[in-house]
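Note sheet for the following structure.
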Amino acid sequence: MCLTCGCSDNASPMLTDLQTGQTLSLQAVHEHDHDHSHDHDHRHDHDHSHDHDHDHSHDHDHDHRHEIPTAVTTQRGRIIRLEQDVLAKNNLLAERNRGWLMGRDILALNLISSPGAGKTTLLERTIRELGSKLPISVIEGDQATLHDAERIQATGSKVVQINTGTGCHLEADMTARALRQLDPPLHSLVMIENVGNLVCPALFDLGERAKVVIMSVTEGENKPVKYPHAFRASQVMILNKIDLLPYVNFDVDQCLAFAREVNPSLRVFQISATRGDGLSDWYA
């Protein structure tokens, strides 16, 4: 049980391949007990000795208590150790995913947002307008149902659905299993639509090239300062549904000021995924 966000392993995460109809349990993967091997050249474009037989620790400025037995919740030192173990293992697997993707020259983007911000609509339109020029594969993350994956399948794109049960985010091991199932082609694009949530998805590296945080003008301009880590961890921000600006009380300039206060280097696209405004810049 994650004491911070309430996600739990009580319901086994499931992966569904929409192309074959095959459904696989990810329970063993989610418990971090799997062998994460890839047949590829693990190339990185930098001088970095990448030895996976060492303690791959990462410092995080959040208190993300994950898989902590109740019996040790009062033992502060042990709690911190367990947090570091889980996050370090996730980050190690994320680095392996990143190497696998780089070795195939695949661009992977991790889309995070609140529910209803327009991630799936943006994906549908992007695939329909770019899919003939660039192969696009999709990993869909939701707690339940195949609804979004079926929408993506209707565009002709390869898609797998990960249902996390009570879990509130995707993790690097789930992503690795999904990538093996999808087997995206060389020189292609993989879009990961994370579970709708601006908290935990921002904390877990999946091996993507960049996180893309999406918000809409119906959510309130103070979202970047209310959920700063999501915007700080992202390289790109999409402000969606700008076609609704005449009908909502939303200050675009204030929203962008808040976003750049949290992350001055954030690249921002203002779009309407339904009407098409701003999409040429996003595609470019």
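Simple scheme: letters A, B, ... for chains in structure tokens order, numbers from 1 for residues in each chain, numbers from 1 for ligands in the order shown.
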
Please provide the set of residues having any atom within 12 Å of Val225 in chain A, restricted to only C-alpha atoms, with same-chain residues fewer than 4 positions apart removed, written as a PDB file with all heavy atoms, in the first residue's frame.
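Result written to around_2.pdb:
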ATOM      1  N   LEU A 198      -2.145  13.863 -11.359  1.00  0.00           N
ATOM      2  CA  LEU A 198      -0.975  14.740 -11.455  1.00  0.00           C
ATOM      3  C   LEU A 198       0.025  14.534 -10.318  1.00  0.00           C
ATOM      4  O   LEU A 198       0.963  15.309 -10.201  1.00  0.00           O
ATOM      5  CB  LEU A 198      -1.419  16.210 -11.476  1.00  0.00           C
ATOM      6  CG  LEU A 198      -1.922  16.745 -12.813  1.00  0.00           C
ATOM      7  CD1 LEU A 198      -2.378  18.196 -12.675  1.00  0.00           C
ATOM      8  CD2 LEU A 198      -0.859  16.634 -13.900  1.00  0.00           C
ATOM      9  N   GLY A 220      -8.559  25.610 -14.171  1.00  0.00           N
ATOM     10  CA  GLY A 220      -8.073  26.663 -13.284  1.00  0.00           C
ATOM     11  C   GLY A 220      -6.606  26.944 -13.516  1.00  0.00           C
ATOM     12  O   GLY A 220      -5.787  26.030 -13.631  1.00  0.00           O
ATOM     13  N   GLU A 221      -6.273  28.243 -13.583  1.00  0.00           N
ATOM     14  CA  GLU A 221      -4.906  28.628 -13.969  1.00  0.00           C
ATOM     15  C   GLU A 221      -3.863  28.347 -12.899  1.00  0.00           C
ATOM     16  O   GLU A 221      -2.658  28.425 -13.158  1.00  0.00           O
ATOM     17  CB  GLU A 221      -4.857  30.113 -14.358  1.00  0.00           C
ATOM     18  CG  GLU A 221      -5.295  31.087 -13.284  1.00  0.00           C
ATOM     19  CD  GLU A 221      -6.791  31.379 -13.329  1.00  0.00           C
ATOM     20  OE1 GLU A 221      -7.458  30.991 -14.296  1.00  0.00           O
ATOM     21  OE2 GLU A 221      -7.275  32.002 -12.369  1.00  0.00           O
ATOM     22  N   HIS A 229       5.254  19.463  -8.783  1.00  0.00           N
ATOM     23  CA  HIS A 229       6.203  18.441  -9.244  1.00  0.00           C
ATOM     24  C   HIS A 229       5.872  17.957 -10.652  1.00  0.00           C
ATOM     25  O   HIS A 229       6.765  17.674 -11.448  1.00  0.00           O
ATOM     26  CB  HIS A 229       6.252  17.251  -8.286  1.00  0.00           C
ATOM     27  CG  HIS A 229       7.394  16.331  -8.600  1.00  0.00           C
ATOM     28  ND1 HIS A 229       8.700  16.624  -8.258  1.00  0.00           N
ATOM     29  CD2 HIS A 229       7.438  15.158  -9.277  1.00  0.00           C
ATOM     30  CE1 HIS A 229       9.491  15.661  -8.697  1.00  0.00           C
ATOM     31  NE2 HIS A 229       8.753  14.759  -9.315  1.00  0.00           N
ATOM     32  N   ALA A 230       4.587  17.883 -10.973  1.00  0.00           N
ATOM     33  CA  ALA A 230       4.198  17.440 -12.316  1.00  0.00           C
ATOM     34  C   ALA A 230       4.745  18.383 -13.374  1.00  0.00           C
ATOM     35  O   ALA A 230       5.194  17.954 -14.449  1.00  0.00           O
ATOM     36  CB  ALA A 230       2.676  17.353 -12.417  1.00  0.00           C
ATOM     37  N   PHE A 231       4.730  19.668 -13.088  1.00  0.00           N
ATOM     38  CA  PHE A 231       5.205  20.658 -14.055  1.00  0.00           C
ATOM     39  C   PHE A 231       6.731  20.789 -14.006  1.00  0.00           C
ATOM     40  O   PHE A 231       7.368  21.038 -15.015  1.00  0.00           O
ATOM     41  CB  PHE A 231       4.516  22.005 -13.792  1.00  0.00           C
ATOM     42  CG  PHE A 231       3.047  21.970 -14.123  1.00  0.00           C
ATOM     43  CD1 PHE A 231       2.127  21.442 -13.230  1.00  0.00           C
ATOM     44  CD2 PHE A 231       2.591  22.412 -15.351  1.00  0.00           C
ATOM     45  CE1 PHE A 231       0.777  21.373 -13.533  1.00  0.00           C
ATOM     46  CE2 PHE A 231       1.240  22.356 -15.672  1.00  0.00           C
ATOM     47  CZ  PHE A 231       0.330  21.833 -14.765  1.00  0.00           C
ATOM     48  N   ARG A 232       7.297  20.565 -12.835  1.00  0.00           N
ATOM     49  CA  ARG A 232       8.762  20.621 -12.710  1.00  0.00           C
ATOM     50  C   ARG A 232       9.413  19.413 -13.375  1.00  0.00           C
ATOM     51  O   ARG A 232      10.500  19.526 -13.946  1.00  0.00           O
ATOM     52  CB  ARG A 232       9.136  20.679 -11.225  1.00  0.00           C
ATOM     53  CG  ARG A 232      10.595  21.003 -10.964  1.00  0.00           C
ATOM     54  CD  ARG A 232      10.868  21.123  -9.479  1.00  0.00           C
ATOM     55  NE  ARG A 232      10.104  22.208  -8.881  1.00  0.00           N
ATOM     56  CZ  ARG A 232       9.244  22.063  -7.866  1.00  0.00           C
ATOM     57  NH1 ARG A 232       9.043  20.857  -7.340  1.00  0.00           N
ATOM     58  NH2 ARG A 232       8.601  23.091  -7.383  1.00  0.00           N
ATOM     59  N   GLN A 254      -1.684  34.363 -16.553  1.00  0.00           N
ATOM     60  CA  GLN A 254      -1.396  33.974 -15.177  1.00  0.00           C
ATOM     61  C   GLN A 254      -1.003  32.502 -15.094  1.00  0.00           C
ATOM     62  O   GLN A 254      -0.083  32.124 -14.365  1.00  0.00           O
ATOM     63  CB  GLN A 254      -2.609  34.231 -14.296  1.00  0.00           C
ATOM     64  CG  GLN A 254      -2.401  33.882 -12.826  1.00  0.00           C
ATOM     65  CD  GLN A 254      -1.339  34.721 -12.149  1.00  0.00           C
ATOM     66  OE1 GLN A 254      -1.584  35.864 -11.781  1.00  0.00           O
ATOM     67  NE2 GLN A 254      -0.136  34.173 -11.995  1.00  0.00           N
ATOM     68  N   CYS A 255      -1.694  31.651 -15.864  1.00  0.00           N
ATOM     69  CA  CYS A 255      -1.367  30.225 -15.881  1.00  0.00           C
ATOM     70  C   CYS A 255       0.067  29.998 -16.347  1.00  0.00           C
ATOM     71  O   CYS A 255       0.820  29.233 -15.731  1.00  0.00           O
ATOM     72  CB  CYS A 255      -2.346  29.490 -16.788  1.00  0.00           C
ATOM     73  SG  CYS A 255      -1.968  27.734 -16.988  1.00  0.00           S
ATOM     74  N   LEU A 256       0.448  30.668 -17.436  1.00  0.00           N
ATOM     75  CA  LEU A 256       1.794  30.484 -17.970  1.00  0.00           C
ATOM     76  C   LEU A 256       2.845  31.050 -17.014  1.00  0.00           C
ATOM     77  O   LEU A 256       3.948  30.500 -16.894  1.00  0.00           O
ATOM     78  CB  LEU A 256       1.909  31.136 -19.344  1.00  0.00           C
ATOM     79  CG  LEU A 256       0.961  30.573 -20.418  1.00  0.00           C
ATOM     80  CD1 LEU A 256       1.265  31.198 -21.780  1.00  0.00           C
ATOM     81  CD2 LEU A 256       1.045  29.059 -20.504  1.00  0.00           C
ATOM     82  N   ALA A 257       2.505  32.152 -16.323  1.00  0.00           N
ATOM     83  CA  ALA A 257       3.430  32.707 -15.330  1.00  0.00           C
ATOM     84  C   ALA A 257       3.639  31.715 -14.184  1.00  0.00           C
ATOM     85  O   ALA A 257       4.773  31.509 -13.723  1.00  0.00           O
ATOM     86  CB  ALA A 257       2.895  34.033 -14.805  1.00  0.00           C
ATOM     87  N   PHE A 258       2.556  31.103 -13.724  1.00  0.00           N
ATOM     88  CA  PHE A 258       2.674  30.080 -12.677  1.00  0.00           C
ATOM     89  C   PHE A 258       3.539  28.916 -13.157  1.00  0.00           C
ATOM     90  O   PHE A 258       4.404  28.414 -12.431  1.00  0.00           O
ATOM     91  CB  PHE A 258       1.297  29.558 -12.291  1.00  0.00           C
ATOM     92  CG  PHE A 258       0.517  30.440 -11.352  1.00  0.00           C
ATOM     93  CD1 PHE A 258      -0.866  30.553 -11.468  1.00  0.00           C
ATOM     94  CD2 PHE A 258       1.157  31.140 -10.332  1.00  0.00           C
ATOM     95  CE1 PHE A 258      -1.585  31.349 -10.591  1.00  0.00           C
ATOM     96  CE2 PHE A 258       0.443  31.946  -9.456  1.00  0.00           C
ATOM     97  CZ  PHE A 258      -0.941  32.047  -9.582  1.00  0.00           C
ATOM     98  N   ALA A 259       3.305  28.464 -14.388  1.00  0.00           N
ATOM     99  CA  ALA A 259       4.052  27.317 -14.924  1.00  0.00           C
ATOM    100  C   ALA A 259       5.539  27.627 -14.997  1.00  0.00           C
ATOM    101  O   ALA A 259       6.381  26.794 -14.632  1.00  0.00           O
ATOM    102  CB  ALA A 259       3.513  26.939 -16.295  1.00  0.00           C
ATOM    103  N   ARG A 260       5.883  28.830 -15.444  1.00  0.00           N
ATOM    104  CA  ARG A 260       7.304  29.180 -15.599  1.00  0.00           C
ATOM    105  C   ARG A 260       7.942  29.546 -14.266  1.00  0.00           C
ATOM    106  O   ARG A 260       9.163  29.480 -14.131  1.00  0.00           O
ATOM    107  CB  ARG A 260       7.440  30.292 -16.629  1.00  0.00           C
ATOM    108  CG  ARG A 260       7.070  29.780 -18.029  1.00  0.00           C
ATOM    109  CD  ARG A 260       7.541  30.670 -19.159  1.00  0.00           C
ATOM    110  NE  ARG A 260       7.427  29.959 -20.422  1.00  0.00           N
ATOM    111  CZ  ARG A 260       6.485  30.186 -21.341  1.00  0.00           C
ATOM    112  NH1 ARG A 260       5.561  31.108 -21.126  1.00  0.00           N
ATOM    113  NH2 ARG A 260       6.475  29.496 -22.463  1.00  0.00           N
ATOM    114  N   GLU A 261       7.117  29.893 -13.290  1.00  0.00           N
ATOM    115  CA  GLU A 261       7.638  30.065 -11.931  1.00  0.00           C
ATOM    116  C   GLU A 261       8.137  28.721 -11.398  1.00  0.00           C
ATOM    117  O   GLU A 261       9.171  28.639 -10.734  1.00  0.00           O
ATOM    118  CB  GLU A 261       6.521  30.617 -11.043  1.00  0.00           C
ATOM    119  CG  GLU A 261       6.868  30.743  -9.575  1.00  0.00           C
ATOM    120  CD  GLU A 261       5.651  31.166  -8.755  1.00  0.00           C
ATOM    121  OE1 GLU A 261       4.813  31.936  -9.266  1.00  0.00           O
ATOM    122  OE2 GLU A 261       5.534  30.701  -7.602  1.00  0.00           O
ATOM    123  N   VAL A 262       7.395  27.659 -11.693  1.00  0.00           N
ATOM    124  CA  VAL A 262       7.767  26.316 -11.244  1.00  0.00           C
ATOM    125  C   VAL A 262       8.887  25.746 -12.104  1.00  0.00           C
ATOM    126  O   VAL A 262       9.815  25.102 -11.604  1.00  0.00           O
ATOM    127  CB  VAL A 262       6.526  25.393 -11.299  1.00  0.00           C
ATOM    128  CG1 VAL A 262       6.922  23.939 -11.069  1.00  0.00           C
ATOM    129  CG2 VAL A 262       5.495  25.823 -10.275  1.00  0.00           C
ATOM    130  N   ASN A 263       8.828  25.971 -13.417  1.00  0.00           N
ATOM    131  CA  ASN A 263       9.796  25.391 -14.357  1.00  0.00           C
ATOM    132  C   ASN A 263      10.076  26.388 -15.476  1.00  0.00           C
ATOM    133  O   ASN A 263       9.375  26.417 -16.488  1.00  0.00           O
ATOM    134  CB  ASN A 263       9.243  24.088 -14.933  1.00  0.00           C
ATOM    135  CG  ASN A 263      10.225  23.377 -15.831  1.00  0.00           C
ATOM    136  OD1 ASN A 263      11.270  23.922 -16.196  1.00  0.00           O
ATOM    137  ND2 ASN A 263       9.904  22.156 -16.224  1.00  0.00           N
TER     138      ASN A 263
END

Within 7 Å of Ala178 in chain A using only C-alpha atoms, minus same-chain residues under 4 positions, as a tab-separated table (two decimals) with C-alpha atoms, in the first residue's frame:
chain	number	residue	atom	x	y	z
A	139	ILE	CA	0.61	2.33	-24.16
A	160	VAL	CA	-1.79	-2.13	-25.42
A	174	MET	CA	4.92	-2.34	-16.50
A	182	LEU	CA	4.07	-3.86	-28.66

Quick one: residues within 12 Å of range 270-274 of chain A, only C-alpha atoms counted, chain neighbours fewer than 3 positions away excluded, as a ChimeraX atom specification? /A:117-129,214-217,236-245,252-253,255-256,267,277-283

Go ahead and save the residues from that selection, with C-alpha atoms, as a PDB file, in the first residue's frame.
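Heads up, here's the output in selection.pdb:
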ATOM      1  CA  ALA A 117      -7.738  17.159 -19.761  1.00  0.00           C
ATOM      2  CA  GLY A 118      -7.882  15.692 -23.272  1.00  0.00           C
ATOM      3  CA  LYS A 119      -4.959  13.240 -23.477  1.00  0.00           C
ATOM      4  CA  THR A 120      -6.835  10.609 -25.476  1.00  0.00           C
ATOM      5  CA  THR A 121      -8.429  13.133 -27.842  1.00  0.00           C
ATOM      6  CA  LEU A 122      -5.014  14.652 -28.524  1.00  0.00           C
ATOM      7  CA  LEU A 123      -3.556  11.185 -29.143  1.00  0.00           C
ATOM      8  CA  GLU A 124      -6.349  10.262 -31.558  1.00  0.00           C
ATOM      9  CA  ARG A 125      -5.870  13.408 -33.616  1.00  0.00           C
ATOM     10  CA  THR A 126      -2.063  13.177 -33.546  1.00  0.00           C
ATOM     11  CA  ILE A 127      -2.150   9.592 -34.817  1.00  0.00           C
ATOM     12  CA  ARG A 128      -4.654  10.365 -37.566  1.00  0.00           C
ATOM     13  CA  GLU A 129      -2.663  13.358 -38.809  1.00  0.00           C
ATOM     14  CA  ILE A 214      -1.403  18.407 -20.226  1.00  0.00           C
ATOM     15  CA  MET A 215      -3.913  20.716 -18.605  1.00  0.00           C
ATOM     16  CA  SER A 216      -7.065  22.329 -19.937  1.00  0.00           C
ATOM     17  CA  VAL A 217      -8.562  25.788 -19.523  1.00  0.00           C
ATOM     18  CA  VAL A 236       6.644  20.131 -22.266  1.00  0.00           C
ATOM     19  CA  MET A 237       3.310  21.602 -21.178  1.00  0.00           C
ATOM     20  CA  ILE A 238       0.211  21.514 -23.338  1.00  0.00           C
ATOM     21  CA  LEU A 239      -2.618  23.922 -22.531  1.00  0.00           C
ATOM     22  CA  ASN A 240      -5.626  22.282 -24.163  1.00  0.00           C
ATOM     23  CA  LYS A 241      -9.216  23.320 -24.962  1.00  0.00           C
ATOM     24  CA  ILE A 242      -8.348  26.927 -25.811  1.00  0.00           C
ATOM     25  CA  ASP A 243     -11.455  26.923 -28.013  1.00  0.00           C
ATOM     26  CA  LEU A 244     -13.411  27.170 -24.729  1.00  0.00           C
ATOM     27  CA  LEU A 245     -11.686  30.376 -23.536  1.00  0.00           C
ATOM     28  CA  VAL A 252      -3.884  32.311 -19.759  1.00  0.00           C
ATOM     29  CA  ASP A 253      -1.099  34.757 -18.887  1.00  0.00           C
ATOM     30  CA  CYS A 255      -1.367  30.225 -15.881  1.00  0.00           C
ATOM     31  CA  LEU A 256       1.794  30.484 -17.970  1.00  0.00           C
ATOM     32  CA  ARG A 267       8.107  24.515 -23.444  1.00  0.00           C
ATOM     33  CA  ASP A 277      -5.560  25.195 -33.047  1.00  0.00           C
ATOM     34  CA  GLY A 278      -1.815  25.047 -32.354  1.00  0.00           C
ATOM     35  CA  LEU A 279      -1.358  21.445 -33.442  1.00  0.00           C
ATOM     36  CA  SER A 280       1.113  22.220 -36.244  1.00  0.00           C
ATOM     37  CA  ASP A 281       3.592  23.512 -33.639  1.00  0.00           C
ATOM     38  CA  TRP A 282       3.035  20.411 -31.477  1.00  0.00           C
ATOM     39  CA  TYR A 283       3.643  18.127 -34.462  1.00  0.00           C
TER      40      TYR A 283
END

Leaving out Cys168 in chain A and any residue of its chain fewer than 2 positions from it, which residues lie within 8 Å of it when counting only C-alpha atoms, given as a ChimeraX atom specification? /A:5,7,143,164,166,170,195-197,200-201

With N, CA, C and O atoms kept, could you save the residues just selected as an mmCIF file, in the first residue's frame?
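File written: part_30.cif
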data_model
loop_
_atom_site.group_PDB
_atom_site.id
_atom_site.type_symbol
_atom_site.label_atom_id
_atom_site.label_comp_id
_atom_site.auth_asym_id
_atom_site.auth_seq_id
_atom_site.Cartn_x
_atom_site.Cartn_y
_atom_site.Cartn_z
ATOM 1 N N CYS A 5 -0.482 8.024 -1.515
ATOM 2 C CA CYS A 5 -1.542 8.174 -2.512
ATOM 3 C C CYS A 5 -2.624 7.126 -2.399
ATOM 4 O O CYS A 5 -3.662 7.237 -3.046
ATOM 5 N N CYS A 7 -2.509 3.912 -3.380
ATOM 6 C CA CYS A 7 -2.542 2.849 -4.376
ATOM 7 C C CYS A 7 -2.074 1.541 -3.746
ATOM 8 O O CYS A 7 -1.305 1.527 -2.808
ATOM 9 N N GLN A 143 -7.028 2.718 -14.580
ATOM 10 C CA GLN A 143 -7.325 1.761 -13.519
ATOM 11 C C GLN A 143 -8.210 0.624 -14.033
ATOM 12 O O GLN A 143 -8.042 -0.528 -13.643
ATOM 13 N N THR A 164 -4.391 -0.810 -14.074
ATOM 14 C CA THR A 164 -3.605 -0.862 -12.844
ATOM 15 C C THR A 164 -4.414 -1.296 -11.636
ATOM 16 O O THR A 164 -3.874 -1.383 -10.525
ATOM 17 N N THR A 166 -6.205 -0.842 -8.500
ATOM 18 C CA THR A 166 -6.266 0.284 -7.574
ATOM 19 C C THR A 166 -5.026 1.165 -7.647
ATOM 20 O O THR A 166 -4.919 2.165 -6.936
ATOM 21 N N LEU A 170 1.554 4.322 -13.722
ATOM 22 C CA LEU A 170 2.360 3.291 -14.371
ATOM 23 C C LEU A 170 3.762 3.308 -13.771
ATOM 24 O O LEU A 170 4.225 4.326 -13.256
ATOM 25 N N VAL A 195 -1.982 7.040 -16.210
ATOM 26 C CA VAL A 195 -3.231 7.119 -15.460
ATOM 27 C C VAL A 195 -3.526 8.586 -15.147
ATOM 28 O O VAL A 195 -2.620 9.358 -14.830
ATOM 29 N N GLY A 196 -4.786 9.000 -15.263
ATOM 30 C CA GLY A 196 -5.154 10.383 -15.014
ATOM 31 C C GLY A 196 -4.938 10.793 -13.564
ATOM 32 O O GLY A 196 -5.699 10.402 -12.677
ATOM 33 N N ASN A 197 -3.887 11.600 -13.328
ATOM 34 C CA ASN A 197 -3.468 11.902 -11.957
ATOM 35 C C ASN A 197 -2.219 12.762 -12.082
ATOM 36 O O ASN A 197 -1.312 12.427 -12.840
ATOM 37 N N CYS A 200 1.383 10.940 -8.492
ATOM 38 C CA CYS A 200 2.351 9.848 -8.626
ATOM 39 C C CYS A 200 2.922 9.658 -10.039
ATOM 40 O O CYS A 200 4.102 9.334 -10.169
ATOM 41 N N PRO A 201 2.160 9.822 -11.111
ATOM 42 C CA PRO A 201 2.781 9.660 -12.430
ATOM 43 C C PRO A 201 3.979 10.592 -12.646
ATOM 44 O O PRO A 201 4.892 10.271 -13.407
#

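Going from CA of Ala144 in chain A to CA of Asn163 in chain A covers 5.2 Å.
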
Can you list, as a tab-separated table (two decimals) with N, CA, C and O atoms, in the first residue's frame, every residue of range 46-256 of chain A that DSSP puts in strand (DSSP E or B)?
chain	number	residue	atom	x	y	z
A	107	LEU	N	11.41	7.46	-30.11
A	107	LEU	CA	11.06	8.57	-29.23
A	107	LEU	C	9.86	8.17	-28.39
A	107	LEU	O	8.80	7.85	-28.93
A	108	ALA	N	10.00	8.19	-27.06
A	108	ALA	CA	8.90	7.85	-26.16
A	108	ALA	C	8.53	9.08	-25.34
A	108	ALA	O	9.39	9.73	-24.75
A	109	LEU	N	7.24	9.40	-25.33
A	109	LEU	CA	6.73	10.53	-24.56
A	109	LEU	C	5.72	10.01	-23.54
A	109	LEU	O	4.88	9.17	-23.86
A	110	ASN	N	5.81	10.51	-22.33
A	110	ASN	CA	4.95	10.11	-21.22
A	110	ASN	C	3.96	11.24	-20.96
A	110	ASN	O	4.33	12.31	-20.46
A	111	LEU	N	2.69	11.03	-21.32
A	111	LEU	CA	1.66	12.05	-21.17
A	111	LEU	C	1.00	11.92	-19.81
A	111	LEU	O	0.44	10.87	-19.48
A	112	ILE	N	1.05	12.99	-19.02
A	112	ILE	CA	0.41	12.99	-17.71
A	112	ILE	C	-0.57	14.15	-17.63
A	112	ILE	O	-0.35	15.21	-18.22
A	113	SER	N	-1.66	13.94	-16.91
A	113	SER	CA	-2.65	15.00	-16.73
A	113	SER	C	-3.67	14.57	-15.71
A	113	SER	O	-3.73	13.40	-15.31
A	136	ILE	N	3.33	5.17	-35.01
A	136	ILE	CA	3.05	5.55	-33.63
A	136	ILE	C	2.41	4.36	-32.90
A	136	ILE	O	1.40	3.82	-33.35
A	137	SER	N	3.01	3.95	-31.81
A	137	SER	CA	2.47	2.90	-30.94
A	137	SER	C	2.09	3.54	-29.61
A	137	SER	O	2.70	4.53	-29.19
A	138	VAL	N	1.09	2.95	-28.95
A	138	VAL	CA	0.54	3.60	-27.75
A	138	VAL	C	0.44	2.59	-26.60
A	138	VAL	O	0.01	1.46	-26.78
A	139	ILE	N	0.85	3.04	-25.42
A	139	ILE	CA	0.61	2.33	-24.16
A	139	ILE	C	-0.42	3.13	-23.39
A	139	ILE	O	-0.18	4.30	-23.06
A	140	GLU	N	-1.57	2.52	-23.14
A	140	GLU	CA	-2.65	3.19	-22.41
A	140	GLU	C	-2.64	2.74	-20.95
A	140	GLU	O	-2.60	1.54	-20.67
A	141	GLY	N	-2.70	3.69	-20.03
A	141	GLY	CA	-2.78	3.37	-18.62
A	141	GLY	C	-4.08	3.87	-18.01
A	141	GLY	O	-4.38	5.06	-18.10
A	142	ASP	N	-4.85	2.98	-17.42
A	142	ASP	CA	-6.08	3.33	-16.71
A	142	ASP	C	-6.28	2.32	-15.59
A	142	ASP	O	-5.80	1.20	-15.66
A	158	LYS	N	-1.09	0.63	-33.25
A	158	LYS	CA	-0.88	-0.48	-32.31
A	158	LYS	C	-1.00	0.05	-30.89
A	158	LYS	O	-0.44	1.09	-30.55
A	159	VAL	N	-1.73	-0.69	-30.04
A	159	VAL	CA	-1.97	-0.22	-28.68
A	159	VAL	C	-2.08	-1.39	-27.73
A	159	VAL	O	-2.62	-2.45	-28.08
A	160	VAL	N	-1.53	-1.22	-26.53
A	160	VAL	CA	-1.79	-2.13	-25.42
A	160	VAL	C	-2.35	-1.33	-24.26
A	160	VAL	O	-2.00	-0.16	-24.07
A	161	GLN	N	-3.24	-1.95	-23.52
A	161	GLN	CA	-3.86	-1.32	-22.36
A	161	GLN	C	-3.29	-1.94	-21.10
A	161	GLN	O	-3.26	-3.16	-20.96
A	162	ILE	N	-2.83	-1.09	-20.18
A	162	ILE	CA	-2.47	-1.55	-18.83
A	162	ILE	C	-3.54	-1.05	-17.88
A	162	ILE	O	-3.73	0.16	-17.74
A	163	ASN	N	-4.24	-1.99	-17.24
A	163	ASN	CA	-5.20	-1.64	-16.19
A	163	ASN	C	-4.52	-1.87	-14.84
A	163	ASN	O	-4.13	-2.99	-14.52
A	189	LEU	N	7.62	6.30	-32.91
A	189	LEU	CA	7.18	7.08	-31.77
A	189	LEU	C	6.33	6.20	-30.87
A	189	LEU	O	5.45	5.49	-31.36
A	190	VAL	N	6.60	6.24	-29.57
A	190	VAL	CA	5.76	5.55	-28.58
A	190	VAL	C	5.16	6.61	-27.67
A	190	VAL	O	5.88	7.42	-27.07
A	191	MET	N	3.85	6.62	-27.59
A	191	MET	CA	3.14	7.54	-26.70
A	191	MET	C	2.59	6.74	-25.52
A	191	MET	O	1.89	5.75	-25.71
A	192	ILE	N	2.92	7.17	-24.32
A	192	ILE	CA	2.45	6.52	-23.10
A	192	ILE	C	1.41	7.43	-22.45
A	192	ILE	O	1.75	8.53	-22.00
A	193	GLU	N	0.16	7.00	-22.44
A	193	GLU	CA	-0.87	7.78	-21.76
A	193	GLU	C	-1.01	7.24	-20.35
A	193	GLU	O	-1.57	6.17	-20.12
A	210	ALA	N	10.77	12.34	-22.65
A	210	ALA	CA	10.24	13.53	-21.98
A	210	ALA	C	8.87	13.25	-21.41
A	210	ALA	O	8.11	12.43	-21.94
A	211	LYS	N	8.57	13.92	-20.31
A	211	LYS	CA	7.21	13.97	-19.80
A	211	LYS	C	6.50	15.17	-20.43
A	211	LYS	O	7.08	16.26	-20.56
A	212	VAL	N	5.24	14.97	-20.78
A	212	VAL	CA	4.41	16.03	-21.34
A	212	VAL	C	3.22	16.19	-20.41
A	212	VAL	O	2.38	15.28	-20.29
A	213	VAL	N	3.14	17.31	-19.71
A	213	VAL	CA	2.02	17.55	-18.81
A	213	VAL	C	0.94	18.32	-19.58
A	213	VAL	O	1.23	19.31	-20.25
A	214	ILE	N	-0.28	17.82	-19.50
A	214	ILE	CA	-1.40	18.41	-20.23
A	214	ILE	C	-2.41	18.93	-19.22
A	214	ILE	O	-2.79	18.23	-18.28
A	215	MET	N	-2.82	20.18	-19.39
A	215	MET	CA	-3.91	20.72	-18.60
A	215	MET	C	-4.86	21.44	-19.54
A	215	MET	O	-4.50	21.77	-20.67
A	216	SER	N	-6.08	21.66	-19.10
A	216	SER	CA	-7.07	22.33	-19.94
A	216	SER	C	-7.53	23.62	-19.27
A	216	SER	O	-7.35	23.81	-18.06
A	236	VAL	N	7.64	19.51	-21.39
A	236	VAL	CA	6.64	20.13	-22.27
A	236	VAL	C	5.34	20.27	-21.50
A	236	VAL	O	4.94	19.38	-20.75
A	237	MET	N	4.66	21.40	-21.71
A	237	MET	CA	3.31	21.60	-21.18
A	237	MET	C	2.38	21.89	-22.34
A	237	MET	O	2.71	22.70	-23.23
A	238	ILE	N	1.25	21.23	-22.35
A	238	ILE	CA	0.21	21.51	-23.34
A	238	ILE	C	-0.99	22.10	-22.61
A	238	ILE	O	-1.51	21.50	-21.67
A	239	LEU	N	-1.40	23.31	-23.03
A	239	LEU	CA	-2.62	23.92	-22.53
A	239	LEU	C	-3.70	23.65	-23.57
A	239	LEU	O	-3.68	24.21	-24.66
A	240	ASN	N	-4.63	22.78	-23.22
A	240	ASN	CA	-5.63	22.28	-24.16
A	240	ASN	C	-6.98	22.98	-23.97
A	240	ASN	O	-7.22	23.63	-22.98

So which one's closest to Gly99 in chain A, A:Glu219, A:Ala176, A:Pro185, A:Val268? Using only C-alpha atoms, please. A:Ala176

Which of these, A:Gly131, A:Lys89, A:Phe250, A:Ala233, has the shortest distance to Leu266 in chain A once you count only C-alpha atoms? A:Ala233

Which of these, A:Leu18, A:Val248, A:Val86, A:Leu101, has the shortest distance to Arg180 in chain A once you count only C-alpha atoms?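 Result for the nearest residue to Arg180 in chain A: A:Leu101.
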
From the list A:Asp251, A:Asp148, A:Glu95, A:Asp173, which residue is nearest Glu208 in chain A when using only C-alpha atoms? A:Glu95

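Atom pair CA of Leu93 in chain A / CA of Ala172 in chain A has a distance of 5.7 Å (rounded to one decimal).
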
Quick check, in Å to one decimal: how far apart do CA of Arg209 in chain A and CA of Tyr227 in chain A lie? 21.3 Å

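For the choices A:Ala284, A:Leu24, A:Leu206, A:Leu146, the atom-to-atom distance to Leu87 in chain A is smallest for A:Leu206 when using only C-alpha atoms.
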